[in-house]
>>> print(open('start_27.cif').read())   # mmCIF, C-alpha atoms
data_work
#
loop_
_atom_site.label_atom_id
_atom_site.label_comp_id
_atom_site.auth_asym_id
_atom_site.auth_seq_id
_atom_site.Cartn_x
_atom_site.Cartn_y
_atom_site.Cartn_z
CA MET A 17 0.00 0.00 0.00
CA ALA A 18 1.35 3.40 -0.93
CA SER A 19 2.54 5.56 1.92
CA GLU A 20 0.24 8.42 2.93
CA THR A 21 3.06 10.39 4.54
CA LYS A 22 2.98 13.95 3.23
CA THR A 23 6.09 15.69 1.99
CA PRO A 24 7.12 19.02 3.60
CA GLN A 25 5.86 20.82 0.49
CA GLN A 26 2.46 19.12 0.76
CA LYS A 27 2.23 19.97 4.46
CA GLU A 28 3.12 23.58 3.73
CA GLY A 29 0.52 23.74 0.96
CA SER A 30 -2.24 22.21 3.08
CA GLY A 31 -1.33 24.55 5.93
CA ALA A 32 -1.57 27.56 3.65
CA LEU A 33 -4.96 26.35 2.42
CA ARG A 34 -6.23 25.97 5.99
CA THR A 35 -5.02 29.46 6.85
CA TYR A 36 -6.69 30.83 3.72
CA ARG A 37 -9.99 29.11 4.53
CA LYS A 38 -9.80 30.19 8.16
CA SER A 39 -9.27 33.81 7.12
CA TYR A 40 -12.52 33.83 5.16
CA GLN A 41 -14.38 32.05 7.94
CA GLU A 42 -13.24 34.72 10.39
CA ALA A 43 -14.20 37.50 7.97
CA ILE A 44 -17.72 36.14 7.52
CA ALA A 45 -18.05 35.51 11.26
CA LEU A 46 -17.65 39.25 11.92
CA THR A 47 -21.19 39.91 10.70
CA GLY A 48 -22.64 36.42 10.34
CA PRO A 49 -23.38 34.67 7.03
CA VAL A 50 -26.67 36.44 6.28
CA LEU A 51 -25.33 39.99 5.90
CA PRO A 52 -22.84 39.19 3.09
CA LEU A 53 -25.66 37.54 1.11
CA VAL A 54 -27.99 40.48 1.70
CA SER A 55 -25.31 43.01 0.80
CA PHE A 56 -24.44 41.06 -2.35
CA LEU A 57 -28.05 41.03 -3.54
CA GLY A 58 -28.41 44.68 -2.54
CA ARG A 59 -25.48 45.65 -4.78
CA LEU A 60 -26.95 44.03 -7.88
CA PRO A 61 -29.38 46.91 -8.66
CA LEU A 62 -26.43 49.31 -9.01
CA ALA A 63 -24.93 47.02 -11.64
CA MET A 64 -28.30 46.54 -13.35
CA CYS A 65 -29.62 50.09 -13.53
CA GLN A 66 -27.04 51.66 -15.84
CA LEU A 67 -27.46 49.18 -18.68
CA GLY A 68 -31.16 48.73 -17.95
CA THR A 69 -31.77 52.48 -18.24
CA LEU A 70 -29.87 52.72 -21.52
CA LEU A 71 -31.83 49.86 -23.06
CA LEU A 72 -35.21 51.06 -21.76
CA VAL A 73 -34.84 54.66 -22.92
CA ALA A 74 -33.36 53.59 -26.26
CA GLU A 75 -36.39 51.37 -26.91
CA THR A 76 -39.07 53.77 -25.71
CA SER A 77 -37.60 56.93 -27.26
CA GLY A 78 -36.03 55.37 -30.34
CA SER A 79 -32.95 57.52 -29.81
CA LEU A 80 -29.51 56.36 -28.66
CA GLY A 81 -28.62 59.98 -28.00
CA THR A 82 -31.49 60.35 -25.55
CA ALA A 83 -30.58 57.04 -23.93
CA GLY A 84 -26.97 58.18 -23.52
CA LEU A 85 -28.04 61.49 -21.97
CA VAL A 86 -30.38 59.82 -19.47
CA GLY A 87 -27.76 57.19 -18.66
CA GLY A 88 -25.21 59.95 -18.14
CA ALA A 89 -27.60 61.73 -15.77
CA LEU A 90 -27.95 58.51 -13.78
CA ALA A 91 -24.16 58.16 -13.52
CA ALA A 92 -23.79 61.83 -12.55
CA GLY A 93 -26.31 61.36 -9.77
CA GLN A 94 -24.41 58.33 -8.48
CA THR A 95 -21.09 60.17 -8.60
CA VAL A 96 -22.33 63.17 -6.62
CA GLY A 97 -24.81 61.45 -4.31
CA GLY A 98 -22.60 58.60 -3.11
CA PRO A 99 -20.16 60.67 -1.03
CA LEU A 100 -23.03 62.74 0.43
CA LEU A 101 -24.77 59.59 1.63
CA GLY A 102 -21.47 58.28 2.99
CA ARG A 103 -20.94 61.50 4.91
CA ALA A 104 -24.46 61.32 6.32
CA ALA A 105 -23.85 57.73 7.44
CA ASP A 106 -20.65 58.76 9.21
CA ARG A 107 -22.54 61.47 11.08
CA ARG A 108 -25.92 59.81 11.69
CA GLY A 109 -25.22 56.12 11.49
CA GLN A 110 -25.98 53.71 8.65
CA ARG A 111 -29.40 52.48 9.70
CA LEU A 112 -31.48 55.61 9.05
CA VAL A 113 -29.44 56.81 6.05
CA VAL A 114 -29.53 53.48 4.20
CA LEU A 115 -33.21 52.95 4.97
CA LEU A 116 -34.28 56.37 3.64
CA ALA A 117 -32.02 56.12 0.58
CA THR A 118 -33.32 52.64 -0.19
CA LEU A 119 -36.96 53.70 -0.16
CA LEU A 120 -36.27 56.84 -2.20
CA ASN A 121 -34.24 54.91 -4.75
CA ALA A 122 -36.87 52.21 -5.21
CA VAL A 123 -39.50 54.91 -5.83
CA ALA A 124 -37.21 56.87 -8.19
CA VAL A 125 -36.31 53.82 -10.30
CA THR A 126 -39.98 52.86 -10.56
CA ALA A 127 -40.82 56.44 -11.56
CA LEU A 128 -38.09 56.32 -14.22
CA VAL A 129 -39.64 53.18 -15.70
CA LEU A 130 -43.13 54.70 -15.76
CA ALA A 131 -41.83 57.96 -17.25
CA ALA A 132 -39.95 56.13 -19.99
CA LEU A 133 -42.96 53.97 -20.84
CA ALA A 134 -45.08 57.15 -20.95
CA ARG A 135 -42.49 58.59 -23.39
CA LEU A 136 -41.86 61.79 -21.46
CA ASP A 137 -39.44 64.33 -22.88
CA THR A 138 -35.70 63.95 -22.40
CA TRP A 139 -35.23 66.49 -19.61
CA PRO A 140 -37.88 65.09 -17.24
CA LEU A 141 -36.36 61.66 -17.80
CA ALA A 142 -32.87 62.99 -17.07
CA LEU A 143 -34.07 64.72 -13.90
CA ILE A 144 -35.65 61.53 -12.58
CA ALA A 145 -32.47 59.64 -13.51
CA VAL A 146 -30.38 62.08 -11.46
CA VAL A 147 -32.56 61.42 -8.41
CA ALA A 148 -32.39 57.65 -9.02
CA GLY A 149 -28.60 57.81 -9.25
CA ALA A 150 -28.10 60.12 -6.27
CA SER A 151 -30.26 57.95 -4.00
CA VAL A 152 -28.41 54.67 -4.60
CA PRO A 153 -27.86 53.59 -0.97
CA GLN A 154 -24.19 52.63 -1.46
CA ILE A 155 -24.58 49.22 0.10
CA GLY A 156 -21.14 48.13 -1.14
CA PRO A 157 -19.22 50.96 0.58
CA MET A 158 -21.48 50.74 3.65
CA SER A 159 -20.92 47.00 3.97
CA ARG A 160 -17.17 47.45 3.60
CA THR A 161 -17.17 50.22 6.20
CA ARG A 162 -19.35 48.27 8.63
CA THR A 163 -17.29 45.08 8.43
CA LEU A 164 -13.97 46.90 8.71
CA ALA A 165 -15.18 48.81 11.76
CA LEU A 166 -16.28 45.57 13.42
CA ALA A 167 -12.93 43.97 12.55
CA ARG A 168 -10.99 46.86 14.08
CA ARG A 169 -13.24 46.78 17.12
CA LYS A 170 -12.27 43.13 17.70
CA GLY A 171 -8.58 43.98 17.36
CA ALA A 172 -8.19 42.27 13.98
CA ASP A 173 -4.71 42.01 12.51
CA ASP A 174 -3.74 43.13 9.01
CA ARG A 175 -4.34 39.63 7.66
CA LEU A 176 -8.03 39.65 8.64
CA VAL A 177 -8.52 43.24 7.45
CA GLY A 178 -6.98 42.25 4.11
CA THR A 179 -9.33 39.26 3.88
CA VAL A 180 -12.34 41.50 4.52
CA LEU A 181 -11.24 43.83 1.72
CA SER A 182 -10.65 40.89 -0.63
CA PHE A 183 -14.07 39.44 0.13
CA GLU A 184 -15.87 42.76 -0.33
CA GLY A 185 -13.96 43.45 -3.54
CA THR A 186 -14.91 40.04 -4.90
CA LEU A 187 -18.59 40.68 -4.14
CA ASP A 188 -18.36 43.97 -6.06
CA GLU A 189 -16.73 42.29 -9.06
CA VAL A 190 -19.29 39.47 -9.18
CA THR A 191 -22.19 41.92 -9.04
CA PHE A 192 -20.77 43.96 -11.92
CA VAL A 193 -20.58 40.76 -13.99
CA LEU A 194 -23.92 39.28 -12.93
CA GLY A 195 -25.92 42.54 -13.02
CA PRO A 196 -25.67 43.17 -16.78
CA ALA A 197 -26.25 39.46 -17.41
CA LEU A 198 -29.53 39.65 -15.47
CA VAL A 199 -30.53 42.69 -17.52
CA GLY A 200 -29.82 40.80 -20.71
CA LEU A 201 -31.92 37.88 -19.49
CA ALA A 202 -34.83 40.16 -18.55
CA VAL A 203 -34.70 41.87 -21.94
CA ALA A 204 -34.64 38.52 -23.75
CA VAL A 205 -37.58 37.14 -21.75
CA ALA A 206 -39.69 40.28 -21.33
CA HIS A 207 -38.71 43.97 -21.66
CA PRO A 208 -36.00 46.37 -20.37
CA ALA A 209 -38.62 47.77 -17.98
CA ALA A 210 -38.77 44.36 -16.28
CA ALA A 211 -35.05 44.54 -15.49
CA LEU A 212 -35.40 47.90 -13.74
CA LEU A 213 -38.52 46.87 -11.85
CA VAL A 214 -36.72 43.75 -10.61
CA ALA A 215 -33.81 45.96 -9.54
CA ALA A 216 -36.15 48.30 -7.66
CA GLY A 217 -37.85 45.41 -5.87
CA LEU A 218 -34.57 43.72 -5.03
CA LEU A 219 -33.18 46.91 -3.58
CA ALA A 220 -36.33 47.63 -1.57
CA VAL A 221 -36.10 44.22 0.12
CA CYS A 222 -32.34 43.80 0.51
CA GLY A 223 -31.59 47.46 1.22
CA THR A 224 -34.17 47.50 4.00
CA TRP A 225 -32.83 44.23 5.38
CA PHE A 226 -29.27 45.60 5.29
CA ALA A 227 -30.35 48.77 7.10
CA LEU A 228 -32.22 46.88 9.83
CA HIS A 229 -29.62 44.14 10.34
CA PRO A 230 -28.43 44.00 13.98
CA THR A 231 -24.86 44.92 12.99
CA ALA A 232 -26.09 48.40 12.04
CA SER A 233 -26.75 49.17 15.69
CA LEU A 234 -23.21 48.16 16.66
CA LEU A 235 -21.66 50.84 14.48
CA ARG A 236 -22.07 54.26 16.04
CA PRO A 237 -21.15 57.63 14.58
CA ALA A 238 -17.68 58.75 15.64
CA ALA A 239 -17.56 61.19 18.52
CA HIS A 240 -17.52 64.83 17.45
CA THR A 241 -14.46 66.91 18.19
CA THR A 242 -14.76 69.64 20.80
CA SER A 243 -14.30 72.28 18.15
CA GLY A 244 -17.08 70.77 16.07
CA GLU A 245 -14.79 70.62 13.03
CA ARG A 246 -14.65 67.63 10.75
CA SER A 247 -11.46 65.55 10.85
CA ARG A 248 -9.06 66.60 8.13
CA LEU A 249 -7.97 64.19 5.46
CA PRO A 250 -4.33 63.65 4.49
CA GLY A 251 -3.41 64.64 0.95
CA SER A 252 -2.80 61.02 -0.05
CA VAL A 253 -6.55 60.34 0.22
CA TYR A 254 -7.23 62.58 -2.76
CA ALA A 255 -4.54 60.84 -4.79
CA LEU A 256 -6.18 57.50 -3.99
CA ARG A 257 -9.52 58.86 -5.18
CA VAL A 258 -7.94 59.97 -8.45
CA ALA A 259 -6.39 56.52 -8.82
CA MET A 260 -9.79 54.87 -8.38
CA ALA A 261 -11.34 57.20 -10.95
CA LEU A 262 -8.56 56.17 -13.34
CA GLN A 263 -9.46 52.55 -12.64
CA GLY A 264 -13.03 53.39 -13.61
CA ALA A 265 -11.70 55.06 -16.76
CA MET A 266 -9.95 51.82 -17.64
CA PHE A 267 -13.28 49.98 -17.30
CA GLY A 268 -15.10 52.49 -19.50
CA ALA A 269 -12.41 52.64 -22.19
CA SER A 270 -12.14 48.82 -22.20
CA GLN A 271 -15.88 48.55 -22.71
CA ALA A 272 -15.78 51.05 -25.59
CA GLY A 273 -12.84 49.31 -27.26
CA ILE A 274 -14.33 45.84 -26.86
CA THR A 275 -17.67 46.99 -28.25
CA ALA A 276 -16.03 48.70 -31.23
CA LEU A 277 -13.80 45.72 -32.08
CA THR A 278 -16.56 43.13 -31.88
CA GLU A 279 -18.72 45.33 -34.09
CA ASP A 280 -15.89 45.62 -36.64
CA LEU A 281 -15.62 41.82 -36.60
CA GLY A 282 -19.36 41.48 -37.22
CA MET A 283 -19.97 39.86 -33.82
CA PRO A 284 -21.41 42.59 -31.60
CA GLU A 285 -23.15 40.00 -29.42
CA GLN A 286 -19.74 38.92 -28.15
CA ALA A 287 -18.99 42.26 -26.46
CA GLY A 288 -20.84 41.46 -23.25
CA LEU A 289 -19.28 38.01 -23.04
CA VAL A 290 -15.77 39.37 -23.48
CA TYR A 291 -16.31 42.00 -20.81
CA ALA A 292 -17.87 39.42 -18.49
CA ALA A 293 -14.86 37.10 -18.95
CA MET A 294 -12.60 39.93 -17.82
CA GLY A 295 -14.82 40.52 -14.78
CA VAL A 296 -14.83 36.84 -13.81
CA MET A 297 -11.04 36.68 -13.85
CA SER A 298 -10.86 39.90 -11.84
CA ALA A 299 -13.20 38.40 -9.23
CA VAL A 300 -11.04 35.27 -8.99
CA ALA A 301 -7.93 37.41 -8.51
CA GLY A 302 -9.69 39.47 -5.88
CA PHE A 303 -10.76 36.39 -3.93
CA SER A 304 -7.15 35.18 -4.01
CA MET A 305 -5.78 38.39 -2.51
CA ALA A 306 -6.34 36.99 1.00
CA ALA A 307 -3.45 34.61 0.31
CA VAL A 308 -0.95 37.46 -0.08
CA PRO A 309 1.29 37.51 3.02
CA ALA A 310 0.63 40.36 5.41
CA SER A 311 4.36 41.10 5.31
CA VAL A 312 3.91 42.52 1.80
CA ALA A 313 3.16 46.19 2.46
CA LEU A 314 0.09 47.77 0.88
CA SER A 315 2.22 50.35 -0.91
CA THR A 316 4.27 47.52 -2.45
CA ARG A 317 1.10 45.70 -3.51
CA TRP A 318 -0.19 48.88 -5.12
CA ARG A 319 2.97 49.36 -7.16
CA ILE A 320 2.97 45.74 -8.29
CA ALA A 321 -0.72 45.92 -9.26
CA THR A 322 -0.33 49.14 -11.25
CA ALA A 323 2.79 47.83 -12.99
CA ALA A 324 0.77 44.79 -14.00
CA LEU A 325 -2.00 47.06 -15.31
CA VAL A 326 0.48 48.82 -17.59
CA VAL A 327 2.20 45.69 -18.86
CA LEU A 328 -0.97 43.67 -19.38
CA SER A 329 -2.90 46.49 -21.08
CA VAL A 330 -0.31 47.12 -23.82
CA PRO A 331 -1.31 44.01 -25.86
CA LEU A 332 -4.79 45.53 -26.26
CA LEU A 333 -3.25 48.01 -28.72
CA PHE A 334 -2.41 45.18 -31.13
CA VAL A 335 -5.48 42.93 -30.88
CA SER A 336 -7.52 42.57 -34.05
CA GLN A 337 -9.28 39.20 -33.70
CA LEU A 338 -11.86 37.82 -31.28
CA TRP A 339 -10.02 34.98 -29.54
CA PRO A 340 -6.83 37.00 -28.95
CA LEU A 341 -9.13 39.68 -27.49
CA TYR A 342 -10.57 37.12 -25.05
CA VAL A 343 -7.09 36.05 -23.99
CA VAL A 344 -5.78 39.58 -23.50
CA VAL A 345 -8.73 40.92 -21.49
CA VAL A 346 -8.89 37.81 -19.29
CA VAL A 347 -5.20 38.18 -18.45
CA LEU A 348 -5.67 41.91 -17.86
CA GLY A 349 -8.50 41.12 -15.44
CA VAL A 350 -5.93 39.54 -13.11
CA ALA A 351 -4.65 43.04 -12.21
CA TYR A 352 -7.96 44.89 -11.86
CA ALA A 353 -9.29 43.61 -8.52
CA PRO A 354 -5.89 43.63 -6.74
CA ASN A 355 -5.48 47.29 -7.64
CA MET A 356 -8.96 48.21 -6.42
CA ILE A 357 -8.70 46.17 -3.22
CA THR A 358 -5.34 47.73 -2.40
CA ILE A 359 -6.69 51.26 -2.91
CA PHE A 360 -9.56 50.45 -0.54
CA GLY A 361 -7.04 49.08 1.95
CA LEU A 362 -4.80 52.13 1.78
CA THR A 363 -7.80 54.40 2.23
CA GLU A 364 -8.93 52.46 5.30
CA ARG A 365 -5.46 52.94 6.76
CA VAL A 366 -5.14 56.69 6.32
CA VAL A 367 -8.60 58.22 6.78
CA PRO A 368 -10.10 59.01 10.18
CA ALA A 369 -12.62 56.33 11.15
CA GLY A 370 -15.27 59.03 11.46
CA ARG A 371 -15.03 59.63 7.70
CA LEU A 372 -14.60 56.06 6.51
CA ALA A 373 -18.07 55.59 4.95
CA GLU A 374 -17.73 58.88 3.10
CA SER A 375 -14.28 57.94 1.83
CA MET A 376 -15.37 54.48 0.69
CA ALA A 377 -18.33 56.03 -1.12
CA TYR A 378 -15.99 58.50 -2.82
CA LEU A 379 -13.95 55.60 -4.18
CA MET A 380 -17.02 53.81 -5.53
CA SER A 381 -18.32 57.06 -7.02
CA GLY A 382 -14.92 57.56 -8.63
CA ILE A 383 -15.27 54.24 -10.41
CA VAL A 384 -18.75 55.13 -11.65
CA GLY A 385 -17.78 58.64 -12.74
CA GLY A 386 -14.51 57.61 -14.35
CA GLN A 387 -16.19 54.77 -16.22
CA ALA A 388 -19.05 56.93 -17.53
CA LEU A 389 -16.73 59.73 -18.69
CA ALA A 390 -14.19 57.40 -20.30
CA LEU A 391 -16.93 55.39 -22.00
CA ALA A 392 -18.33 58.54 -23.60
CA LEU A 393 -14.94 59.89 -24.72
CA SER A 394 -13.47 56.55 -25.75
CA GLY A 395 -16.61 55.66 -27.66
CA ARG A 396 -16.10 58.74 -29.81
CA LEU A 397 -12.42 57.93 -30.27
CA ALA A 398 -13.24 54.37 -31.30
CA GLU A 399 -15.84 55.67 -33.74
CA SER A 400 -13.41 58.04 -35.43
CA SER A 401 -10.07 56.22 -35.10
CA GLY A 402 -10.85 52.57 -34.41
CA PRO A 403 -10.77 50.29 -31.33
CA ALA A 404 -7.05 50.81 -30.76
CA ALA A 405 -7.72 54.46 -29.89
CA ALA A 406 -10.05 53.43 -27.07
CA PHE A 407 -7.57 50.83 -25.87
CA ALA A 408 -4.88 53.53 -25.83
CA VAL A 409 -6.99 55.29 -23.18
CA VAL A 410 -6.85 52.08 -21.11
CA THR A 411 -3.06 52.01 -21.25
CA GLY A 412 -2.79 55.75 -20.61
CA ALA A 413 -4.94 55.49 -17.49
CA ALA A 414 -2.84 52.53 -16.31
CA VAL A 415 0.35 54.56 -16.71
CA LEU A 416 -1.12 57.39 -14.63
CA CYS A 417 -2.15 54.88 -11.94
CA ALA A 418 1.38 53.52 -11.85
CA ALA A 419 2.82 57.03 -11.57
CA LEU A 420 0.54 57.77 -8.61
CA SER A 421 1.54 54.54 -6.86
CA TRP A 422 5.18 55.64 -6.91
CA ALA A 423 4.58 59.30 -6.17
CA VAL A 424 2.23 58.85 -3.20
CA ARG A 425 3.08 57.21 0.11
CA PRO A 426 -0.10 56.89 2.18
CA ARG A 427 0.62 56.60 5.89
CA ALA A 428 -1.71 56.20 8.85
CA GLY A 429 -1.53 59.12 11.25
CA ARG A 430 -2.40 59.86 14.85
CA GLU A 431 -5.81 61.14 13.83
CA ARG A 432 -6.69 57.77 12.29
CA THR A 433 -5.78 55.92 15.49
CA ALA A 434 -7.66 58.35 17.71
CA ALA A 435 -10.76 58.20 15.55
CA THR A 436 -10.64 54.39 15.53
CA ASN A 437 -10.54 54.39 19.31
CA ALA A 438 -13.51 56.76 19.40
CA VAL A 439 -15.59 54.48 17.20
CA THR A 440 -14.60 51.43 19.22
CA GLN A 441 -15.42 53.01 22.55
CA ASP A 442 -18.71 54.36 21.29
CA ALA A 443 -19.65 51.01 19.76
CA GLU A 444 -18.93 49.23 23.02
CA ALA A 445 -20.86 51.72 25.11
CA PRO A 446 -24.51 50.97 25.98
CA SER A 447 -27.02 52.53 23.64
CA SER A 448 -29.19 55.20 25.21
CA THR A 449 -31.50 55.23 22.22
CA GLY A 450 -32.11 51.50 22.09
CA ARG A 451 -30.91 51.33 18.49
#
>>> encode(input="start_27.cif", output="structure tokens")
Amino acid sequence: MASETKTPQQKEGSGALRTYRKSYQEAIALTGPVLPLVSFLGRLPLAMCQLGTLLLVAETSGSLGTAGLVGGALAAGQTVGGPLLGRAADRRGQRLVVLLATLLNAVAVTALVLAALARLDTWPLALIAVVAGASVPQIGPMSRTRTLALARRKGADDRLVGTVLSFEGTLDEVTFVLGPALVGLAVAVAHPAAALLVAAGLLAVCGTWFALHPTASLLRPAAHTTSGERSRLPGSVYALRVAMALQGAMFGASQAGITALTEDLGMPEQAGLVYAAMGVMSAVAGFSMAAVPASVALSTRWRIATAALVVLSVPLLFVSQLWPLYVVVVVLGVAYAPNMITIFGLTERVVPAGRLAESMAYLMSGIVGGQALALALSGRLAESSGPAAAFAVVTGAAVLCAALSWAVRPRAGRERTAATNAVTQDAEAPSSTGR
């Protein structure tokens, strides 16, 4: 009978796997298994509404220009409204803010569907779209903020914090892949309006559940300073926000280039599949980030991720056939999630805890805004100069990200530590309001 004795390499591998699995078990245990599922389902409407709005308005108005304008209004609302909701959550707590935003958003999305079906003029549609975008309850950033605060409260080490960020980043990536797919399914089975109504219903249920989950009462607003002034942010925070907007620009320019190339090849139906393949690989890479040793500094991870973005985006400039396009974008997807997760991690390190929800919302809004702007500009470039012009925007944005990763050195300061202590003490104190 063959010996079952494991070699040192096998023991080391199995030990690493156990550590990896344990890290995710500890991350999920912070909130319990229900909240991650609820937050995942609550993020799907954000990924569904952009494409769903474009398809609905294009069909009801018969104009791609009108659809683009209304879709741009939705993205503008998301970009501006997200940080405002994050700031309100930092000051008032997540429960009330998320609950009100959820109800308003569900009503606004339903109103947008009814207005489009009634064939209202462009400007009323755009106005409703702004409200629908601005009221998105930011469940992704709120969930990330809530879980990180609970992790810090329990004295979590950098390994567990990194696992939380990897898990949250993976949930984001999966929703951005699955959301458009659900829209496509709804359109194929019924009508674009069905996709948006499903999104509104899903958000009404899951957003309310997320707001009322017991963990919301454990996270208190940070104590106000005696001077009543808001905690100042270090300059590196703004550089991180720019970097995340550039990441969004890479998404938008990639989408424009992929769409243009598949159309040139006479296979426009492949565009969504190519983009989804990139998203799936990004999600896999994000899930694997928990295996990176804690000894590898976040600044080092950021530089490695941005260098990979530059190197892996260059082949896009030379792709002219479908299967090479699949290969290149899938490989490029390996660098996307690690870059995003690291930026979230650096932000968590340097911002005061009393402004964490606002800062996380800024990052997510940066992705949305950067993607919408780059998609519009790169689409025009691809139309006039071919897919390679749009892909050049991808590489250019990657180069700027890499430059920022070397020029900026985010460091946690005294204010971050003090604010963390304030949140922890307040969270552990008895509630006088019964929340």
>>> resolve_selection(input="start_27.cif", expression="the PyMOL selection byres ((chain A and resi 252-260) around 9)", output="MDAnalysis selection string")
chainID A and resid 249:251 261:265 355:356 359:360 362:363 366:367 375 378:383 386 413 416:418 420:421 424:427
>>> resolve_selection(input="start_27.cif", expression="the PyMOL selection byres ((chain A and resi 231) around 12)", output="ChimeraX atom specification")
/A:45-52,109-111,158-159,161-167,225-230,232-236,443,451
>>> atom_distance(input="start_27.cif", atom1="atom CA of Ala63 of chain A", atom2="atom CA of Leu80 of chain A")
19.9 Å
>>> resolve_selection(input="start_27.cif", expression="the PyMOL selection byres ((chain A and resi 86-99) around 7)", output="PyMOL selection string")
chain A and resi 66+69-70+82-85+100-103+141-142+145-152+154+374+377-378+381-382+384-385+388
>>> closest_residue(input="start_27.cif", among="A:Pro153, A:Ala197, A:Trp318, A:Phe334", to="Leu112 of chain A", atoms="only C-alpha atoms")
A:Pro153
>>> closest_residue(input="start_27.cif", among="A:Leu332, A:Leu176, A:Leu277, A:Ala373", to="Ala310 of chain A", atoms="all atoms listed in the file")
A:Leu176
>>> atom_distance(input="start_27.cif", atom1="atom CA of Arg160 of chain A", atom2="atom CA of Val125 of chain A")
24.5 Å
>>> closest_atom_pairs(input="start_27.cif", of="segment 120-218 of chain A", to="segment 283-289 of chain A", cutoff="10 Å", atoms="only C-alpha atoms", output="Markdown table")
| residue | atom | partner | partner_atom | distance |
| --- | --- | --- | --- | --- |
| A:Val193 | CA | A:Gly288 | CA | 9.3 |
| A:Pro196 | CA | A:Gly288 | CA | 8.3 |
| A:Ala197 | CA | A:Gly288 | CA | 8.2 |
| A:Gly200 | CA | A:Gly288 | CA | 9.4 |
>>> atom_distance(input="start_27.cif", atom1="atom CA of Leu219 of chain A", atom2="atom CA of Leu53 of chain A")
12.9 Å
>>> closest_residue(input="start_27.cif", among="A:Val221, A:Leu57, A:Ile144, A:Leu116", to="Val129 of chain A", atoms="all atoms listed in the file")
A:Ile144
>>> closest_residue(input="start_27.cif", among="A:Gly68, A:Gly268, A:Pro157, A:Pro309", to="Leu213 of chain A", atoms="only C-alpha atoms")
A:Gly68
>>> residues_near_point(input="start_27.cif", point="(-14.6, 39.2, -1.5)", cutoff="12 Å", atoms="only C-alpha atoms", output="number ranges by chain")
A: 39-41, 43-44, 52-53, 55-56, 156, 159-160, 163, 177-191, 298-306, 353-354, 356-357
>>> closest_residue(input="start_27.cif", among="A:Arg175, A:His207, A:Arg371, A:Arg108", to="Val312 of chain A", atoms="only C-alpha atoms")
A:Arg175
>>> closest_residue(input="start_27.cif", among="A:Tyr342, A:Val113, A:Thr358, A:Gly282", to="Thr316 of chain A", atoms="only C-alpha atoms")
A:Thr358
>>> residues_around(input="start_27.cif", residues="Leu133 of chain A", least_positions_apart="2", cutoff="9 Å", atoms="all atoms listed in the file", output="list in words")
Leu72, Val73, Thr76, Ser77, Leu128, Val129, Leu130, Ala131, Arg135, Leu136 and Ala209 of chain A
